[in-house]
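Participant: One structure follows; several queries about it will come next.
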Amino acid sequence: MKKGRGWLWFYGLTIAAVLLAADWGSRAVTAVAESQPLSRRYCILIDPGHGGEDGGAISCTGLAESAYNLEISLRLNDLFHLLGYETKMTRTTDTSIYTTGQTLSQKKMSDLKERVRIANETENTLLLSIHQNNFPDSHSSGAQVFYCDNAFSKELAGILQDELREQLNPGGHRAIKKVNGVYLMEHILCPGVLIECGFLSNPAEEAQLRSPTYQKKLVCIIGASVSQYLSNT
Ligand SMILES: [Zn+2]
């Protein structure tokens, strides 16, 4: 869906200006919230992948993926609040949300089932699952968006991928893919996308993914793209 790109830029630039100039101040929240047409029908469920004992991938600097996921997700949560959306997060601290299990793999499965339960018990929700990629070839780079098997998720993924490629990774070649073998994404009843924000195995990209400025740019692109899509549906 290509319509209304002008608004997307307007959202993006407004949000960027607010974040960069005024950080997360309360005056900025009021100014933006009062000036934008808001879509309040959806509860945005933000899912920072992994957590606690399950750190996910390990970056080339030795840090756990779960920490990058959480930091970016918290920024995304703030941004959606700024835009007037109701939000929920599957976790807000560096923890696993398992309820049963003795071994790590049992706890991981319990954790995923809890995330599915939260998604399926939340009305009118859209799941944004935040992860970081990892690959043996340290040259691999760029954000990539995976979608649940339905038209809504696929269309949203397409918009997100286009904007991420144009604004975050110019010259990049990543394309959307349907999720394959991702328990959470294959058991939720709501639409959802999983965003691999970049490669922790690429030293240059890992440094960017750790930087507050890059994180803010990333969440601005995600927030503006999602908001634009929801306001047109
Ligand atoms: Zn992950």
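Ligands are numbered from 1 in the order shown, chains are lettered A, B, ... in the order of the structure tokens, and residues start at 1 in each chain.
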So which residues touch Cys190 in chain A within 10 Å, counting only C-alpha atoms, skipping near sequence neighbours fewer than 6 positions away, as a list in words?

Facilitator: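 After dropping sequence-adjacent residues, the list is Val116, Ala119, Asn120, Glu121, Thr122, Glu123, Asn124, Thr125, Leu126, Leu127, Cys148, Asn150, Phe152 and Ser153 of chain A.
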
Participant: Within 7 Å of ligand 1, which residues show up when you count only C-alpha atoms and all ligand atoms? List them as a PDB file with N, CA and C atoms, in the first residue's frame, please.

Facilitator:
ATOM      1  N   GLY A  49      12.291  -9.623  22.489  1.00  0.00           N
ATOM      2  CA  GLY A  49      12.630 -11.045  22.441  1.00  0.00           C
ATOM      3  C   GLY A  49      13.606 -11.467  23.533  1.00  0.00           C
ATOM      4  N   HIS A  50      13.448 -12.727  23.978  1.00  0.00           N
ATOM      5  CA  HIS A  50      14.335 -13.353  24.977  1.00  0.00           C
ATOM      6  C   HIS A  50      14.235 -12.632  26.339  1.00  0.00           C
ATOM      7  N   GLY A  56      19.383 -14.922  24.176  1.00  0.00           N
ATOM      8  CA  GLY A  56      19.333 -14.874  22.707  1.00  0.00           C
ATOM      9  C   GLY A  56      20.735 -14.918  22.134  1.00  0.00           C
ATOM     10  N   ALA A  57      20.930 -14.227  21.016  1.00  0.00           N
ATOM     11  CA  ALA A  57      22.258 -14.220  20.373  1.00  0.00           C
ATOM     12  C   ALA A  57      23.252 -13.416  21.216  1.00  0.00           C
ATOM     13  N   GLU A  65      21.689 -10.378  23.227  1.00  0.00           N
ATOM     14  CA  GLU A  65      20.657  -9.797  22.347  1.00  0.00           C
ATOM     15  C   GLU A  65      19.474  -9.244  23.155  1.00  0.00           C
ATOM     16  N   HIS A 131      13.748  -8.220  17.758  1.00  0.00           N
ATOM     17  CA  HIS A 131      14.924  -9.106  17.865  1.00  0.00           C
ATOM     18  C   HIS A 131      16.109  -8.485  17.136  1.00  0.00           C
ATOM     19  N   GLN A 132      17.279  -9.116  17.341  1.00  0.00           N
ATOM     20  CA  GLN A 132      18.495  -8.745  16.605  1.00  0.00           C
ATOM     21  C   GLN A 132      19.006 -10.001  15.921  1.00  0.00           C
ATOM     22  N   ASN A 133      19.599  -9.792  14.760  1.00  0.00           N
ATOM     23  CA  ASN A 133      20.091 -10.909  13.972  1.00  0.00           C
ATOM     24  C   ASN A 133      21.543 -11.239  14.297  1.00  0.00           C
TER      25      ASN A 133
END

Participant: Out of A:Asn232, A:Leu218, A:Leu200, A:Ser96, which residue has the shortest atom-to-atom distance to Lys108 in chain A when counting only C-alpha atoms?

Facilitator: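 So, comparing all the options, the nearest one is A:Ser96.
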
Participant: Could you state the separation of CA of Phe199 in chain A and CA of Ser66 in chain A in Å, given to one decimal place?

Facilitator: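 Separating CA of Phe199 in chain A from CA of Ser66 in chain A is a distance of 13.3 Å.
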
Participant: Under the rule that only C-alpha atoms are counted, which of A:Phe80, A:Tyr183, A:Phe135, A:Tyr42 is the nearest residue to Val219 in chain A?

Facilitator: A:Phe80

Participant: Using DSSP on the backbone, list every residue of range 1-219 of chain A that comes out as strand (DSSP E or B), and give them as number ranges by chain.

Facilitator: A: 43-48, 51, 54, 58, 64, 86-89, 125-133, 144-147, 177-178, 192-199

Participant: Applying 9 Å and only C-alpha atoms, which residues near Ser73 in chain A remain after dropping the ones on its own chain fewer than 2 positions away? List them as a JSON list (two decimals) with C-alpha atoms, in the first residue's frame.

Facilitator:
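Contents of part.json, freshly written:
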[["chain", "number", "residue", "atom", "x", "y", "z"],
["A", 46, "ILE", "CA", 5.61, -4.85, 22.09],
["A", 47, "ASP", "CA", 7.60, -8.00, 22.64],
["A", 48, "PRO", "CA", 11.30, -7.65, 23.48],
["A", 68, "TYR", "CA", 19.31, -4.59, 22.84],
["A", 69, "ASN", "CA", 15.76, -5.89, 22.35],
["A", 70, "LEU", "CA", 14.63, -4.44, 25.67],
["A", 71, "GLU", "CA", 16.22, -1.03, 25.18],
["A", 75, "ARG", "CA", 11.88, 3.40, 23.38],
["A", 76, "LEU", "CA", 9.19, 2.07, 21.04],
["A", 77, "ASN", "CA", 6.73, 1.87, 23.91],
["A", 78, "ASP", "CA", 7.44, 5.52, 24.82],
["A", 89, "MET", "CA", 4.84, -5.09, 26.76],
["A", 92, "THR", "CA", 9.84, -4.50, 30.81],
["A", 129, "SER", "CA", 8.34, -8.60, 18.29],
["A", 130, "ILE", "CA", 11.80, -7.04, 18.51],
["A", 219, "VAL", "CA", 12.00, 3.46, 16.56]]

Participant: Out of A:Gly84, A:Gly52, A:Pro136, A:Gly142, which residue has the shortest atom-to-atom distance to Lys107 in chain A when counting only C-alpha atoms?

Facilitator: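 With only C-alpha atoms as the atom set, the closest residue is A:Gly52.
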
Participant: Figure out the distance between CA of Gly62 in chain A and CA of Asn134 in chain A, please, to one decimal in Å.

Facilitator: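 Separating CA of Asn134 in chain A from CA of Gly62 in chain A is a distance of 12.3 Å.
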
Participant: Pick the closest to Leu63 in chain A from A:Ile188, A:Tyr98, A:Ala207, A:Glu166: which is it, counting only C-alpha atoms?

Facilitator: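 Under the stated criterion, the closest residue is A:Ala207.
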